[in-house]
$ cat protein-v5.cif   # mmCIF, C-alpha atoms
data_target
#
loop_
_atom_site.label_atom_id
_atom_site.label_comp_id
_atom_site.auth_asym_id
_atom_site.auth_seq_id
_atom_site.Cartn_x
_atom_site.Cartn_y
_atom_site.Cartn_z
CA MET A 1 -93.22 50.46 132.07
CA ARG A 2 -90.63 47.75 132.73
CA PHE A 3 -91.46 46.20 129.36
CA VAL A 4 -90.82 49.49 127.57
CA LEU A 5 -87.46 49.94 129.37
CA VAL A 6 -86.23 46.43 128.51
CA ALA A 7 -87.29 46.87 124.88
CA SER A 8 -85.42 50.15 124.60
CA LEU A 9 -82.24 48.61 126.09
CA LEU A 10 -82.34 45.71 123.62
CA ALA A 11 -82.79 48.13 120.76
CA THR A 12 -79.82 50.19 121.92
CA ALA A 13 -77.62 47.08 122.28
CA SER A 14 -78.54 45.91 118.79
CA GLY A 15 -77.24 49.18 117.47
CA PHE A 16 -73.72 48.29 118.64
CA THR A 17 -73.71 44.72 117.27
CA VAL A 18 -70.90 44.10 114.74
CA PRO A 19 -72.28 43.28 111.30
CA SER A 20 -71.78 39.75 110.03
CA TRP A 21 -69.79 40.89 106.98
CA THR A 22 -67.36 42.71 109.30
CA GLN A 23 -66.76 39.52 111.37
CA THR A 24 -65.98 37.56 108.23
CA SER A 25 -63.55 40.21 107.08
CA GLN A 26 -61.75 40.19 110.46
CA GLN A 27 -61.47 36.42 110.43
CA LYS A 28 -60.13 36.48 106.90
CA THR A 29 -57.63 39.17 107.80
CA GLY A 30 -56.40 37.09 110.78
CA LEU A 31 -55.91 33.96 108.62
CA SER A 32 -54.04 35.95 106.03
CA LEU A 33 -51.43 36.76 108.67
CA LEU A 34 -50.49 33.08 108.99
CA PRO A 35 -47.44 31.91 106.96
CA LYS A 36 -48.43 30.21 103.74
CA GLN A 37 -45.78 27.54 104.34
CA ALA A 38 -47.54 26.51 107.53
CA GLU A 39 -50.81 26.20 105.62
CA GLN A 40 -49.14 23.98 103.01
CA ALA A 41 -47.44 21.84 105.64
CA SER A 42 -50.79 20.98 107.15
CA PHE A 43 -52.07 19.78 103.79
CA TYR A 44 -48.87 17.80 102.79
CA PRO A 45 -47.91 15.88 105.93
CA PHE A 46 -45.85 13.20 104.09
CA GLU A 47 -43.29 15.39 102.27
CA ASP A 48 -40.61 14.82 104.92
CA SER A 49 -41.20 11.07 104.84
CA LYS A 50 -40.91 11.03 101.07
CA SER A 51 -37.63 12.94 101.24
CA ALA A 52 -36.30 10.55 103.91
CA LEU A 53 -37.16 7.55 101.74
CA GLN A 54 -35.35 9.08 98.77
CA GLN A 55 -32.29 9.76 100.92
CA ALA A 56 -32.36 6.19 102.28
CA LYS A 57 -32.60 4.79 98.75
CA GLY A 58 -29.64 6.90 97.63
CA SER A 59 -27.63 5.81 100.67
CA THR A 60 -28.40 2.14 99.95
CA GLU A 61 -27.30 2.48 96.32
CA LYS A 62 -24.09 4.21 97.39
CA ASP A 63 -23.43 1.50 99.97
CA GLY A 64 -23.96 -1.18 97.32
CA LYS A 65 -21.40 0.47 95.03
CA VAL A 66 -18.84 0.64 97.84
CA ARG A 67 -19.44 -3.02 98.64
CA GLN A 68 -18.97 -3.86 94.97
CA LEU A 69 -15.56 -2.18 94.90
CA LEU A 70 -14.46 -3.88 98.13
CA GLY A 71 -15.76 -7.31 97.13
CA LEU A 72 -18.29 -7.61 99.98
CA ARG A 73 -21.71 -9.26 100.19
CA GLY A 74 -24.64 -7.10 99.19
CA ALA A 75 -22.77 -5.49 96.30
CA SER A 76 -24.68 -3.70 93.55
CA GLU A 77 -24.58 -4.94 89.97
CA GLU A 78 -21.83 -3.48 87.82
CA THR A 79 -21.08 -3.50 84.09
CA ASP A 80 -17.71 -1.71 84.11
CA ILE A 81 -15.17 -4.52 83.47
CA TRP A 82 -12.43 -2.81 85.50
CA LYS A 83 -14.66 -2.49 88.55
CA ILE A 84 -15.64 -6.14 88.12
CA ARG A 85 -11.97 -7.14 87.93
CA LEU A 86 -11.31 -5.18 91.12
CA GLN A 87 -14.28 -6.86 92.82
CA LEU A 88 -12.82 -10.30 92.02
CA THR A 89 -9.64 -9.43 93.93
CA LYS A 90 -11.67 -8.51 97.07
CA PRO A 91 -9.68 -5.44 98.20
CA VAL A 92 -11.09 -5.72 101.73
CA THR A 93 -8.95 -8.86 102.18
CA TRP A 94 -5.71 -7.05 101.36
CA VAL A 95 -5.59 -5.30 104.73
CA PRO A 96 -4.18 -8.11 106.95
CA LEU A 97 -1.47 -8.93 104.41
CA VAL A 98 -0.39 -5.31 104.04
CA TRP A 99 -0.29 -5.12 107.84
CA GLY A 100 1.76 -8.34 107.92
CA VAL A 101 4.37 -6.82 105.60
CA MET A 102 4.64 -3.81 107.92
CA CYS A 103 5.07 -6.09 110.95
CA GLY A 104 7.82 -8.06 109.20
CA ALA A 105 9.62 -4.88 108.20
CA ALA A 106 9.51 -3.65 111.78
CA ALA A 107 10.68 -7.04 113.12
CA SER A 108 13.73 -6.96 110.84
CA GLY A 109 15.17 -4.04 112.79
CA ASN A 110 16.52 -2.57 109.54
CA TYR A 111 13.68 -0.32 108.44
CA HIS A 112 14.78 3.33 108.34
CA TRP A 113 12.61 6.39 108.80
CA MET A 114 13.06 9.54 106.80
CA TRP A 115 13.09 11.44 110.09
CA ASN A 116 12.81 9.42 113.30
CA PRO A 117 11.76 11.70 116.20
CA PHE A 118 12.99 9.14 118.74
CA ASP A 119 16.42 8.39 117.28
CA PRO A 120 18.71 11.21 116.08
CA ASN A 121 20.84 8.64 114.22
CA ASP A 122 17.87 7.54 112.07
CA ARG A 123 17.16 10.68 110.09
CA ASP A 124 18.58 9.93 106.66
CA ILE A 125 15.91 11.27 104.32
CA ALA A 126 17.25 9.52 101.20
CA LEU A 127 17.57 6.13 102.92
CA GLY A 128 14.21 6.53 104.62
CA ALA A 129 12.51 7.40 101.32
CA GLU A 130 14.07 4.33 99.66
CA ASP A 131 12.87 2.05 102.47
CA ALA A 132 9.39 3.57 102.35
CA LEU A 133 9.21 2.92 98.60
CA LYS A 134 10.56 -0.61 99.06
CA GLY A 135 7.94 -1.30 101.72
CA PHE A 136 5.18 0.09 99.50
CA VAL A 137 6.18 -2.21 96.64
CA ALA A 138 6.18 -5.17 99.05
CA MET A 139 2.62 -4.21 100.08
CA ILE A 140 1.54 -4.06 96.43
CA LEU A 141 3.00 -7.55 95.99
CA ALA A 142 1.21 -8.99 99.03
CA GLY A 143 -2.10 -7.18 98.52
CA PRO A 144 -3.34 -6.44 95.00
CA PHE A 145 -1.19 -9.02 93.19
CA LEU A 146 -0.87 -12.21 95.22
CA THR A 147 -3.98 -11.78 97.38
CA GLY A 148 -5.83 -10.71 94.25
CA TYR A 149 -4.57 -13.88 92.52
CA THR A 150 -5.69 -15.99 95.49
CA GLN A 151 -9.18 -14.49 95.58
CA THR A 152 -9.68 -14.68 91.81
CA ILE A 153 -8.61 -18.32 91.51
CA ASN A 154 -10.73 -19.18 94.55
CA ASP A 155 -13.79 -17.56 92.95
CA TRP A 156 -13.09 -19.45 89.74
CA TYR A 157 -13.07 -22.87 91.41
CA ASP A 158 -15.94 -21.87 93.71
CA ARG A 159 -18.25 -20.74 90.94
CA GLU A 160 -20.69 -23.63 91.53
CA ILE A 161 -20.81 -22.92 95.27
CA ASP A 162 -21.18 -19.18 94.67
CA ALA A 163 -24.09 -19.89 92.34
CA ILE A 164 -25.89 -21.10 95.50
CA ASN A 165 -24.45 -18.83 98.20
CA GLU A 166 -23.69 -15.62 96.29
CA PRO A 167 -25.23 -15.76 92.80
CA TYR A 168 -24.59 -12.03 92.32
CA ARG A 169 -20.80 -12.58 92.29
CA PRO A 170 -19.18 -11.67 88.93
CA ILE A 171 -18.47 -15.24 87.71
CA PRO A 172 -21.77 -17.03 88.48
CA SER A 173 -23.76 -13.98 87.36
CA GLY A 174 -21.97 -13.95 83.99
CA ALA A 175 -20.71 -10.37 84.47
CA ILE A 176 -17.23 -11.48 83.37
CA SER A 177 -16.31 -14.16 80.81
CA GLU A 178 -14.23 -17.30 81.39
CA GLY A 179 -11.38 -16.00 79.24
CA GLU A 180 -11.25 -12.71 81.14
CA VAL A 181 -11.05 -14.54 84.47
CA ILE A 182 -8.25 -16.86 83.27
CA PHE A 183 -6.31 -13.87 81.94
CA GLN A 184 -6.65 -12.08 85.29
CA ILE A 185 -5.39 -15.14 87.20
CA TRP A 186 -2.25 -15.43 85.07
CA PHE A 187 -1.63 -11.67 84.98
CA LEU A 188 -1.74 -11.34 88.78
CA LEU A 189 0.35 -14.48 89.35
CA LEU A 190 3.12 -13.68 86.87
CA GLY A 191 3.06 -9.98 87.76
CA GLY A 192 3.40 -10.84 91.44
CA LEU A 193 6.31 -13.21 90.84
CA GLY A 194 8.02 -10.54 88.71
CA ILE A 195 7.66 -7.96 91.50
CA ALA A 196 8.98 -10.51 94.03
CA TYR A 197 12.12 -11.11 91.97
CA GLY A 198 12.58 -7.36 91.56
CA LEU A 199 12.47 -6.94 95.35
CA ASP A 200 15.14 -9.64 95.73
CA VAL A 201 17.39 -7.78 93.30
CA TRP A 202 16.70 -4.48 95.07
CA ALA A 203 17.53 -6.02 98.48
CA GLY A 204 20.71 -7.63 97.10
CA HIS A 205 19.72 -11.20 97.95
CA ASP A 206 22.00 -14.00 96.80
CA VAL A 207 19.08 -16.41 97.28
CA PRO A 208 15.79 -15.00 95.90
CA THR A 209 13.96 -15.33 99.22
CA VAL A 210 10.97 -13.14 98.36
CA LEU A 211 10.46 -14.98 95.07
CA LEU A 212 10.60 -18.39 96.79
CA LEU A 213 8.09 -17.24 99.41
CA SER A 214 5.80 -15.96 96.64
CA ILE A 215 6.00 -19.24 94.71
CA PHE A 216 5.24 -21.21 97.87
CA GLY A 217 2.30 -18.97 98.77
CA SER A 218 0.89 -19.16 95.23
CA PHE A 219 1.14 -22.95 95.35
CA ILE A 220 -0.75 -23.05 98.67
CA SER A 221 -3.42 -20.79 97.16
CA TYR A 222 -3.79 -23.14 94.20
CA ILE A 223 -4.11 -26.38 96.19
CA TYR A 224 -6.47 -24.64 98.62
CA SER A 225 -8.96 -23.93 95.85
CA ALA A 226 -8.29 -26.41 93.01
CA PRO A 227 -8.85 -30.16 92.74
CA PRO A 228 -7.65 -32.77 93.30
CA LEU A 229 -6.29 -31.64 96.70
CA LYS A 230 -8.67 -28.71 97.27
CA LEU A 231 -7.66 -28.19 100.89
CA LYS A 232 -10.81 -26.24 101.65
CA GLN A 233 -12.75 -29.53 101.45
CA ASN A 234 -11.24 -30.33 104.86
CA GLY A 235 -12.08 -27.68 107.42
CA TRP A 236 -8.97 -28.00 109.57
CA ALA A 237 -6.36 -28.25 106.81
CA GLY A 238 -7.97 -25.67 104.56
CA ASN A 239 -8.58 -23.09 107.26
CA TYR A 240 -5.07 -23.36 108.71
CA ALA A 241 -3.50 -23.14 105.26
CA LEU A 242 -5.51 -19.99 104.60
CA GLY A 243 -4.74 -18.50 108.01
CA ALA A 244 -1.00 -19.24 107.73
CA SER A 245 -0.89 -17.68 104.27
CA TYR A 246 -2.58 -14.51 105.54
CA ILE A 247 -0.27 -14.07 108.55
CA SER A 248 3.07 -15.86 108.11
CA LEU A 249 3.85 -15.25 104.43
CA PRO A 250 3.46 -11.45 104.37
CA TRP A 251 5.39 -11.22 107.65
CA TRP A 252 8.27 -13.24 106.16
CA CYS A 253 8.12 -11.14 103.01
CA GLY A 254 8.49 -7.87 104.93
CA GLN A 255 11.29 -9.26 107.04
CA ALA A 256 13.14 -10.72 104.04
CA VAL A 257 12.99 -7.41 102.13
CA PHE A 258 14.68 -5.54 104.97
CA GLY A 259 16.63 -8.27 106.75
CA GLU A 260 17.31 -12.00 106.87
CA LEU A 261 15.25 -15.03 107.86
CA ASP A 262 18.21 -16.64 109.57
CA ARG A 263 16.80 -17.61 112.99
CA PRO A 264 14.23 -20.28 113.91
CA VAL A 265 12.24 -17.76 115.95
CA TYR A 266 11.46 -15.84 112.76
CA PHE A 267 9.55 -18.90 111.52
CA ILE A 268 8.10 -20.22 114.78
CA LEU A 269 6.33 -17.07 115.99
CA PRO A 270 4.45 -16.28 112.75
CA ILE A 271 3.39 -19.93 112.46
CA LEU A 272 2.00 -19.85 116.00
CA TYR A 273 0.25 -16.58 115.29
CA SER A 274 -1.35 -18.31 112.32
CA ILE A 275 -3.58 -20.17 114.77
CA ALA A 276 -5.51 -16.90 115.06
CA GLY A 277 -5.76 -16.95 111.26
CA LEU A 278 -7.64 -20.24 111.59
CA GLY A 279 -10.42 -18.34 113.32
CA ILE A 280 -10.50 -15.73 110.55
CA ALA A 281 -10.96 -18.50 107.98
CA ILE A 282 -13.79 -20.06 110.00
CA VAL A 283 -15.64 -16.73 110.02
CA ASN A 284 -15.52 -16.77 106.22
CA ASP A 285 -17.12 -20.25 106.19
CA PHE A 286 -20.29 -19.22 108.00
CA LYS A 287 -21.65 -17.41 104.94
CA SER A 288 -21.13 -20.47 102.73
CA ILE A 289 -22.81 -23.19 104.79
CA GLU A 290 -25.64 -23.85 102.35
CA GLY A 291 -23.42 -24.25 99.30
CA ASP A 292 -20.70 -26.17 101.18
CA ARG A 293 -23.24 -28.67 102.47
CA ALA A 294 -24.83 -29.08 99.03
CA LEU A 295 -21.46 -29.84 97.37
CA GLY A 296 -20.04 -31.97 100.18
CA LEU A 297 -17.36 -29.60 101.50
CA GLN A 298 -16.57 -30.33 105.13
CA SER A 299 -16.03 -26.82 106.42
CA LEU A 300 -16.05 -26.61 110.21
CA PRO A 301 -19.55 -25.05 110.43
CA VAL A 302 -20.84 -27.93 108.26
CA ALA A 303 -18.89 -30.66 110.08
CA PHE A 304 -19.50 -29.51 113.66
CA GLY A 305 -22.53 -27.24 113.39
CA VAL A 306 -22.75 -23.49 113.77
CA ASP A 307 -22.70 -23.40 117.59
CA THR A 308 -19.59 -25.57 117.96
CA ALA A 309 -17.81 -23.82 115.07
CA LYS A 310 -18.34 -20.41 116.62
CA TRP A 311 -16.68 -21.56 119.85
CA ILE A 312 -13.75 -23.04 117.89
CA CYS A 313 -13.47 -19.71 116.10
CA ALA A 314 -13.54 -17.70 119.34
CA SER A 315 -10.95 -19.95 121.01
CA THR A 316 -8.48 -19.66 118.14
CA GLU A 317 -8.94 -15.89 117.91
CA SER A 318 -8.22 -15.52 121.63
CA PHE A 319 -5.24 -17.91 121.53
CA TRP A 320 -2.94 -14.89 121.15
CA PRO A 321 -3.93 -11.75 123.10
#

$ encode --input "protein-v5.cif" --output "structure tokens"
Amino acid sequence: MRFVLVASLLATASGFTVPSWTQTSQQKTGLSLLPKQAEQASFYPFEDSKSALQQAKGSTEKDGKVRQLLGLRGASEETDIWKIRLQLTKPVTWVPLVWGVMCGAAASGNYHWMWNPFDPNDRDIALGAEDALKGFVAMILAGPFLTGYTQTINDWYDREIDAINEPYRPIPSGAISEGEVIFQIWFLLLGGLGIAYGLDVWAGHDVPTVLLLSIFGSFISYIYSAPPLKLKQNGWAGNYALGASYISLPWWCGQAVFGELDRPVYFILPILYSIAGLGIAIVNDFKSIEGDRALGLQSLPVAFGVDTAKWICASTESFWP
């Protein structure tokens, strides 16, 4: 009797069992509710990584182009002759000289604002606009022209060293011809001297002070890079000459355009500040150790070693707070 009862219960329960085809349909219906994008993401797990790599590659290429225009290490290759000419002038090195001109103009005490919020007597718009334009021209002289001349002539005489240290630079890589480099050197030098004389005329100088400063600075640039003197062969002399040129000369230029260099203090302070420029020049030598050593140049990192040179650099940079 018990056997018959159990058998009937099992038969009844089997009548309510869901068919297998129905289960499959329900499962399929549930899966179809999932977003298709989620399904694809599970099968393509590296799409985001691929996109990130493409973005990184694009960022690197863009960074290389910026470095090329500024004249920095790690620059990308370029075929546009005007971009190559700009690279030779190393625009990133113009900044301290432009700043030096501004400091000299301020030190003269004769720079006028178009509208000075702190001085009601210094609000002559016409005079302020003239001084602003005069200062801008002085910056063009110190930056693109004479610093550009200095960097181009230095690259020309350093082409053998750069072939070791920075073979991608325009001259050792052959991106620009010898004749084009020589033309650029003369164009920047003569153009800079012409602007300097024009500033003297504009300022009403009886003695062409800005022109004389420009000639002196150009001469220092030449003997720094070119034989037989080639000051950069001696770490101390070369680095101080470079530092003084980057700090003192643009300061004197800015002060001469707007005032007079008629007191000893106007010469003494910039020269002392040039000690900090010595440290800036040492920093530039660290990237050239291999080539300097191979060609016998006694830069401070070569002569004293990297560790000692870095302490000399730090001490000169901290000489003036």

$ closest_residue --input "protein-v5.cif" --among "A:Pro228, A:Gly296, A:Pro91, A:Gly279" --to "Thr150 in chain A" --atoms "only C-alpha atoms"
A:Pro91

$ atom_distance --input "protein-v5.cif" --atom1 "CA of Ser225 in chain A" --atom2 "CA of Tyr157 in chain A"
6.1 Å

$ resolve_selection --input "protein-v5.cif" --expression "the PyMOL selection byres ((chain A and resi 99) around 10)" --output "PDB file with C-alpha atoms, in the coordinates of the input"
ATOM      1  CA  TRP A  94      -5.710  -7.050 101.360  1.00  0.00           C
ATOM      2  CA  VAL A  95      -5.590  -5.300 104.730  1.00  0.00           C
ATOM      3  CA  PRO A  96      -4.180  -8.110 106.950  1.00  0.00           C
ATOM      4  CA  LEU A  97      -1.470  -8.930 104.410  1.00  0.00           C
ATOM      5  CA  VAL A  98      -0.390  -5.310 104.040  1.00  0.00           C
ATOM      6  CA  GLY A 100       1.760  -8.340 107.920  1.00  0.00           C
ATOM      7  CA  VAL A 101       4.370  -6.820 105.600  1.00  0.00           C
ATOM      8  CA  MET A 102       4.640  -3.810 107.920  1.00  0.00           C
ATOM      9  CA  CYS A 103       5.070  -6.090 110.950  1.00  0.00           C
ATOM     10  CA  GLY A 104       7.820  -8.060 109.200  1.00  0.00           C
ATOM     11  CA  ALA A 105       9.620  -4.880 108.200  1.00  0.00           C
ATOM     12  CA  MET A 139       2.620  -4.210 100.080  1.00  0.00           C
ATOM     13  CA  ALA A 142       1.210  -8.990  99.030  1.00  0.00           C
ATOM     14  CA  GLY A 143      -2.100  -7.180  98.520  1.00  0.00           C
ATOM     15  CA  TYR A 246      -2.580 -14.510 105.540  1.00  0.00           C
ATOM     16  CA  ILE A 247      -0.270 -14.070 108.550  1.00  0.00           C
ATOM     17  CA  PRO A 250       3.460 -11.450 104.370  1.00  0.00           C
ATOM     18  CA  TRP A 251       5.390 -11.220 107.650  1.00  0.00           C
ATOM     19  CA  GLY A 254       8.490  -7.870 104.930  1.00  0.00           C
TER      20      GLY A 254
END

$ resolve_selection --input "protein-v5.cif" --expression "the PyMOL selection byres ((chain A and resi 214-224) around 8)" --output "compact mmCIF listing (two decimals) with C-alpha atoms, keeping the file's coordinate frame"
# COMPACT_ATOMS: atom_id res chain seq x y z
CA LEU A 146 -0.87 -12.21 95.22
CA THR A 150 -5.69 -15.99 95.49
CA ILE A 153 -8.61 -18.32 91.51
CA ASN A 154 -10.73 -19.18 94.55
CA LEU A 189 0.35 -14.48 89.35
CA GLY A 192 3.40 -10.84 91.44
CA LEU A 193 6.31 -13.21 90.84
CA ALA A 196 8.98 -10.51 94.03
CA VAL A 210 10.97 -13.14 98.36
CA LEU A 211 10.46 -14.98 95.07
CA LEU A 212 10.60 -18.39 96.79
CA LEU A 213 8.09 -17.24 99.41
CA SER A 225 -8.96 -23.93 95.85
CA ALA A 226 -8.29 -26.41 93.01
CA PRO A 227 -8.85 -30.16 92.74
CA PRO A 228 -7.65 -32.77 93.30
CA LEU A 229 -6.29 -31.64 96.70
CA LYS A 230 -8.67 -28.71 97.27
CA LEU A 231 -7.66 -28.19 100.89
CA LYS A 232 -10.81 -26.24 101.65
CA GLY A 238 -7.97 -25.67 104.56
CA ALA A 241 -3.50 -23.14 105.26
CA LEU A 242 -5.51 -19.99 104.60
CA SER A 245 -0.89 -17.68 104.27
CA LEU A 249 3.85 -15.25 104.43

$ closest_residue --input "protein-v5.cif" --among "A:Ala281, A:Ile289, A:Ala256, A:Ile176" --to "Gly204 in chain A" --atoms "only C-alpha atoms"
A:Ala256

$ atom_distance --input "protein-v5.cif" --atom1 "CA of Ile161 in chain A" --atom2 "CA of Lys287 in chain A"
11.2 Å

$ resolve_selection --input "protein-v5.cif" --expression "the PyMOL selection byres ((chain A and resi 164) around 12)" --output "count of residues only"
22

$ atom_distance --input "protein-v5.cif" --atom1 "CA of Leu127 in chain A" --atom2 "CA of Val257 in chain A"
14.3 Å

$ closest_residue --input "protein-v5.cif" --among "A:Phe304, A:Trp82, A:Trp311, A:Phe136" --to "Ile195 in chain A" --atoms "all atoms listed in the file"
A:Phe136

$ closest_residue --input "protein-v5.cif" --among "A:Ile125, A:Val181, A:Leu86, A:Ile280" --to "Trp156 in chain A" --atoms "all atoms listed in the file"
A:Val181

$ closest_residue --input "protein-v5.cif" --among "A:Thr89, A:Ala107, A:Leu141, A:Gly235" --to "Gly198 in chain A" --atoms "only C-alpha atoms"
A:Leu141

$ closest_residue --input "protein-v5.cif" --among "A:Leu278, A:Ile84, A:Ala106, A:Ala126" --to "Ala175 in chain A" --atoms "only C-alpha atoms"
A:Ile84

$ axis_aligned_box --input "protein-v5.cif" --around "range 198-209 of chain A" --padding-each-side "3 Å" --output "JSON"
{"center_x": 17.2, "center_y": -10.4, "center_z": 95.4, "size_x": 15.5, "size_y": 17.9, "size_z": 13.7}

$ decode --input "protein-v5.cif" --residues "range 181-189 of chain A" --atoms "all heavy atoms" --output "PDB file, in the first residue's frame"
ATOM      1  N   VAL A 181      74.209  77.183 -42.197  1.00  0.00           N
ATOM      2  CA  VAL A 181      74.614  77.511 -40.825  1.00  0.00           C
ATOM      3  C   VAL A 181      75.427  78.804 -40.808  1.00  0.00           C
ATOM      4  O   VAL A 181      75.193  79.694 -39.973  1.00  0.00           O
ATOM      5  CB  VAL A 181      75.428  76.363 -40.193  1.00  0.00           C
ATOM      6  CG1 VAL A 181      75.938  76.764 -38.808  1.00  0.00           C
ATOM      7  CG2 VAL A 181      74.588  75.101 -40.100  1.00  0.00           C
ATOM      8  N   ILE A 182      76.397  78.923 -41.726  1.00  0.00           N
ATOM      9  CA  ILE A 182      77.230  80.134 -41.787  1.00  0.00           C
ATOM     10  C   ILE A 182      76.365  81.364 -42.065  1.00  0.00           C
ATOM     11  O   ILE A 182      76.554  82.425 -41.455  1.00  0.00           O
ATOM     12  CB  ILE A 182      78.318  79.987 -42.870  1.00  0.00           C
ATOM     13  CG1 ILE A 182      79.242  78.799 -42.531  1.00  0.00           C
ATOM     14  CG2 ILE A 182      79.124  81.266 -42.995  1.00  0.00           C
ATOM     15  CD1 ILE A 182      79.970  78.927 -41.220  1.00  0.00           C
ATOM     16  N   PHE A 183      75.408  81.228 -42.974  1.00  0.00           N
ATOM     17  CA  PHE A 183      74.507  82.347 -43.261  1.00  0.00           C
ATOM     18  C   PHE A 183      73.734  82.755 -42.006  1.00  0.00           C
ATOM     19  O   PHE A 183      73.578  83.957 -41.715  1.00  0.00           O
ATOM     20  CB  PHE A 183      73.526  81.963 -44.376  1.00  0.00           C
ATOM     21  CG  PHE A 183      72.445  82.983 -44.610  1.00  0.00           C
ATOM     22  CD1 PHE A 183      72.696  84.121 -45.375  1.00  0.00           C
ATOM     23  CD2 PHE A 183      71.182  82.830 -44.043  1.00  0.00           C
ATOM     24  CE1 PHE A 183      71.707  85.077 -45.577  1.00  0.00           C
ATOM     25  CE2 PHE A 183      70.190  83.780 -44.240  1.00  0.00           C
ATOM     26  CZ  PHE A 183      70.463  84.914 -45.010  1.00  0.00           C
ATOM     27  N   GLN A 184      73.247  81.779 -41.261  1.00  0.00           N
ATOM     28  CA  GLN A 184      72.475  82.085 -40.051  1.00  0.00           C
ATOM     29  C   GLN A 184      73.338  82.803 -39.020  1.00  0.00           C
ATOM     30  O   GLN A 184      72.868  83.744 -38.364  1.00  0.00           O
ATOM     31  CB  GLN A 184      71.889  80.802 -39.456  1.00  0.00           C
ATOM     32  CG  GLN A 184      71.135  81.023 -38.148  1.00  0.00           C
ATOM     33  CD  GLN A 184      70.184  79.905 -37.826  1.00  0.00           C
ATOM     34  OE1 GLN A 184      69.523  79.358 -38.713  1.00  0.00           O
ATOM     35  NE2 GLN A 184      70.079  79.545 -36.556  1.00  0.00           N
ATOM     36  N   ILE A 185      74.582  82.378 -38.862  1.00  0.00           N
ATOM     37  CA  ILE A 185      75.486  83.032 -37.904  1.00  0.00           C
ATOM     38  C   ILE A 185      75.651  84.509 -38.242  1.00  0.00           C
ATOM     39  O   ILE A 185      75.506  85.385 -37.380  1.00  0.00           O
ATOM     40  CB  ILE A 185      76.855  82.320 -37.882  1.00  0.00           C
ATOM     41  CG1 ILE A 185      76.706  80.929 -37.253  1.00  0.00           C
ATOM     42  CG2 ILE A 185      77.886  83.152 -37.127  1.00  0.00           C
ATOM     43  CD1 ILE A 185      77.948  80.065 -37.361  1.00  0.00           C
ATOM     44  N   TRP A 186      75.956  84.801 -39.508  1.00  0.00           N
ATOM     45  CA  TRP A 186      76.174  86.191 -39.921  1.00  0.00           C
ATOM     46  C   TRP A 186      74.887  87.011 -39.875  1.00  0.00           C
ATOM     47  O   TRP A 186      74.900  88.194 -39.493  1.00  0.00           O
ATOM     48  CB  TRP A 186      76.794  86.242 -41.319  1.00  0.00           C
ATOM     49  CG  TRP A 186      78.263  85.967 -41.312  1.00  0.00           C
ATOM     50  CD1 TRP A 186      78.893  84.836 -41.744  1.00  0.00           C
ATOM     51  CD2 TRP A 186      79.283  86.846 -40.826  1.00  0.00           C
ATOM     52  NE1 TRP A 186      80.245  84.947 -41.558  1.00  0.00           N
ATOM     53  CE2 TRP A 186      80.526  86.169 -40.998  1.00  0.00           C
ATOM     54  CE3 TRP A 186      79.286  88.115 -40.266  1.00  0.00           C
ATOM     55  CZ2 TRP A 186      81.733  86.745 -40.634  1.00  0.00           C
ATOM     56  CZ3 TRP A 186      80.491  88.691 -39.894  1.00  0.00           C
ATOM     57  CH2 TRP A 186      81.703  88.010 -40.086  1.00  0.00           C
ATOM     58  N   PHE A 187      73.768  86.408 -40.251  1.00  0.00           N
ATOM     59  CA  PHE A 187      72.496  87.126 -40.240  1.00  0.00           C
ATOM     60  C   PHE A 187      72.133  87.551 -38.821  1.00  0.00           C
ATOM     61  O   PHE A 187      71.733  88.701 -38.571  1.00  0.00           O
ATOM     62  CB  PHE A 187      71.380  86.248 -40.821  1.00  0.00           C
ATOM     63  CG  PHE A 187      70.014  86.866 -40.730  1.00  0.00           C
ATOM     64  CD1 PHE A 187      69.600  87.807 -41.665  1.00  0.00           C
ATOM     65  CD2 PHE A 187      69.136  86.515 -39.712  1.00  0.00           C
ATOM     66  CE1 PHE A 187      68.343  88.395 -41.580  1.00  0.00           C
ATOM     67  CE2 PHE A 187      67.880  87.094 -39.624  1.00  0.00           C
ATOM     68  CZ  PHE A 187      67.488  88.038 -40.560  1.00  0.00           C
ATOM     69  N   LEU A 188      72.255  86.634 -37.857  1.00  0.00           N
ATOM     70  CA  LEU A 188      71.900  86.954 -36.479  1.00  0.00           C
ATOM     71  C   LEU A 188      72.873  87.962 -35.871  1.00  0.00           C
ATOM     72  O   LEU A 188      72.456  88.869 -35.131  1.00  0.00           O
ATOM     73  CB  LEU A 188      71.867  85.673 -35.636  1.00  0.00           C
ATOM     74  CG  LEU A 188      70.758  84.673 -35.995  1.00  0.00           C
ATOM     75  CD1 LEU A 188      70.915  83.386 -35.193  1.00  0.00           C
ATOM     76  CD2 LEU A 188      69.378  85.282 -35.763  1.00  0.00           C
ATOM     77  N   LEU A 189      74.166  87.824 -36.186  1.00  0.00           N
ATOM     78  CA  LEU A 189      75.152  88.758 -35.641  1.00  0.00           C
ATOM     79  C   LEU A 189      74.929  90.168 -36.185  1.00  0.00           C
ATOM     80  O   LEU A 189      74.798  91.134 -35.415  1.00  0.00           O
ATOM     81  CB  LEU A 189      76.565  88.283 -35.974  1.00  0.00           C
ATOM     82  CG  LEU A 189      77.696  89.237 -35.579  1.00  0.00           C
ATOM     83  CD1 LEU A 189      77.704  89.494 -34.080  1.00  0.00           C
ATOM     84  CD2 LEU A 189      79.047  88.702 -36.054  1.00  0.00           C
TER      85      LEU A 189
END
